[in-house]
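Taking it in order: structure first as C-alpha cells, then the write-up.
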Amino acid sequence: MADTDTGAPPKPLLIAAACLAILLVAGAAVFGLTRGAESGAPAADGPLPLVPVPAPQSGSPECAKLIGALPHELTSSGNTLVRRTLADPAPEATIGWGTGDPVVLRCGLGKPPELTRTSQLRTINTVQWLQVEGEGTATWFVVDRPVYTALTVPDTAGTGPLQTVSDVIAANLPAVPLRFS
C-alpha cells in the first residue's frame with residue numbers, strides 16, 4: 001500500500017523497518033563487543049606471555065623454595081585466580097594468576113631503585129613491602145628477605161593476593177635487615 005500522493009510506503013511500515021534496522025545494528029554491536037572481549041582475554045589455561053626483566057637471583061635456592069610454596073589459586077576481590085602456564089620463553093622464578101590483568105610474582109630481582117632510607121614501607125603479615133604505583137597496577141616489592149620479590153597486581157585486585165603471598169613469604173624466607181646499597 002503506497003502513499004497515493006508520493007508513492008512511498010505507509011508511515012507505520014517505515015517506522016517498523018527503521019526500528020528493526022536499529023535493533024539489528026545494536027544486537028550486532030553488543031554481540032561483537034561481548035564476543036570480542038571473551039576472545040581477546042587469555043584463557044585461564046592458555047600460556048601467559050610475560051616480558052623478561054633482569055632477575056639476577058632468580059635461580060637462587062630462596063626463589064626455588066618460594067616458587068614451590070606458592071598456591072595454585074589466589075583470592076582477589078572475591079574471585080578465584082588460577083595459576084597460569086607461562087608462554088615460552090618463560091622468565092625464571094615467575095608466576096602469574098588470573099586472566100585479563102593477571103597478578104604476577106617475580107622472584108630474584110635486583111634492589112628496586114625506589115628503595116631508599118626514607119621510603120615508606122608497609123608491613124603485611126610480618127613482611128615489609130615497598131609499593132610502586134603504575135598505570136592501572138601497583139608493584140609491591142618485598143624488601144626484608146634474602147631475595148627481592150615483586151608482586152604486580154591490578155588496581156582492582158584488592159588485598160587478598162598481598163596477604164596470601166605475605167603469608168607464604170613469611171613461612172619460607174627468613175627476614176633480613178634492609179639493604180640500601
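By order of appearance in the C-alpha cells: chains A, B, ..., then residues from 1 within every chain, and ligands from 1 in the order shown.
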For the structure I just gave you, how does DSSP split range 51-158 of chain A - specifically, which residues are alpha helix (DSSP H)? Reply as a PDB file with N, CA and C atoms, in the first residue's frame.
```pdb
ATOM      1  N   PRO A  61      68.360 -20.675  45.549  1.00  0.00           N
ATOM      2  CA  PRO A  61      67.568 -21.633  46.328  1.00  0.00           C
ATOM      3  C   PRO A  61      66.368 -20.971  47.014  1.00  0.00           C
ATOM      4  N   GLU A  62      66.530 -19.698  47.406  1.00  0.00           N
ATOM      5  CA  GLU A  62      65.414 -18.986  48.054  1.00  0.00           C
ATOM      6  C   GLU A  62      64.239 -18.832  47.091  1.00  0.00           C
ATOM      7  N   CYS A  63      64.522 -18.469  45.842  1.00  0.00           N
ATOM      8  CA  CYS A  63      63.434 -18.333  44.860  1.00  0.00           C
ATOM      9  C   CYS A  63      62.803 -19.695  44.571  1.00  0.00           C
ATOM     10  N   ALA A  64      63.615 -20.733  44.461  1.00  0.00           N
ATOM     11  CA  ALA A  64      63.072 -22.071  44.215  1.00  0.00           C
ATOM     12  C   ALA A  64      62.139 -22.482  45.350  1.00  0.00           C
ATOM     13  N   LYS A  65      62.556 -22.199  46.586  1.00  0.00           N
ATOM     14  CA  LYS A  65      61.716 -22.544  47.743  1.00  0.00           C
ATOM     15  C   LYS A  65      60.412 -21.752  47.723  1.00  0.00           C
ATOM     16  N   LEU A  66      60.505 -20.445  47.457  1.00  0.00           N
ATOM     17  CA  LEU A  66      59.313 -19.606  47.435  1.00  0.00           C
ATOM     18  C   LEU A  66      58.356 -20.030  46.317  1.00  0.00           C
ATOM     19  N   ILE A  67      58.871 -20.198  45.118  1.00  0.00           N
ATOM     20  CA  ILE A  67      58.020 -20.559  43.981  1.00  0.00           C
ATOM     21  C   ILE A  67      57.322 -21.894  44.250  1.00  0.00           C
ATOM     22  N   GLY A  68      58.057 -22.844  44.830  1.00  0.00           N
ATOM     23  CA  GLY A  68      57.466 -24.145  45.141  1.00  0.00           C
ATOM     24  C   GLY A  68      56.383 -24.087  46.202  1.00  0.00           C
ATOM     25  N   ALA A  69      56.415 -23.069  47.057  1.00  0.00           N
ATOM     26  CA  ALA A  69      55.447 -22.969  48.153  1.00  0.00           C
ATOM     27  C   ALA A  69      54.199 -22.160  47.795  1.00  0.00           C
TER      28      ALA A  69
END
```
Task: Exercise: range 88-102 of chain A partners within 8 Å, only C-alpha atoms, chain neighbours under 3 positions left out, as an MDAnalysis selection string - done: chainID A and resid 41:44 48:53 58:59 63:64 67 73:74 80:85 105:108 153:154
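Here CA of Thr126 in chain A and CA of Val165 in chain A stand 11.3 Å from one another.
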Open item on the list: Residues near Ser119 in chain A, anyone? I mean within 12 Å using only C-alpha atoms, not counting same-chain ones fewer than 6 positions away, as a list of chain:residue names.
Closed with: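 Counting only the stated atoms, we get A:Pro112, A:Pro113, A:Gln128, A:Trp129, A:Leu130, A:Gln131, A:Val132, A:Phe141, A:Val143, A:Leu178, A:Phe180.
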Open item on the list: My list of candidates is A:Glu114, A:Asp167, A:Thr152, A:Leu109. Which is closest to Val127 in chain A when distances are computed with only C-alpha atoms?
Closed with: A:Asp167
- [ ] Tell me which of A:Ala138, A:Val104, A:Ala55, A:Leu70 sits closest to Gly158 in chain A, counting only C-alpha atoms.
- [x]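 Among the listed residues, the smallest separation from Gly158 in chain A belongs to A:Ala138.
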- [ ] Measure the distance from CA of Lys111 in chain A to CA of Thr156 in chain A in Å and round it to one decimal.
- [x] 26.3 Å
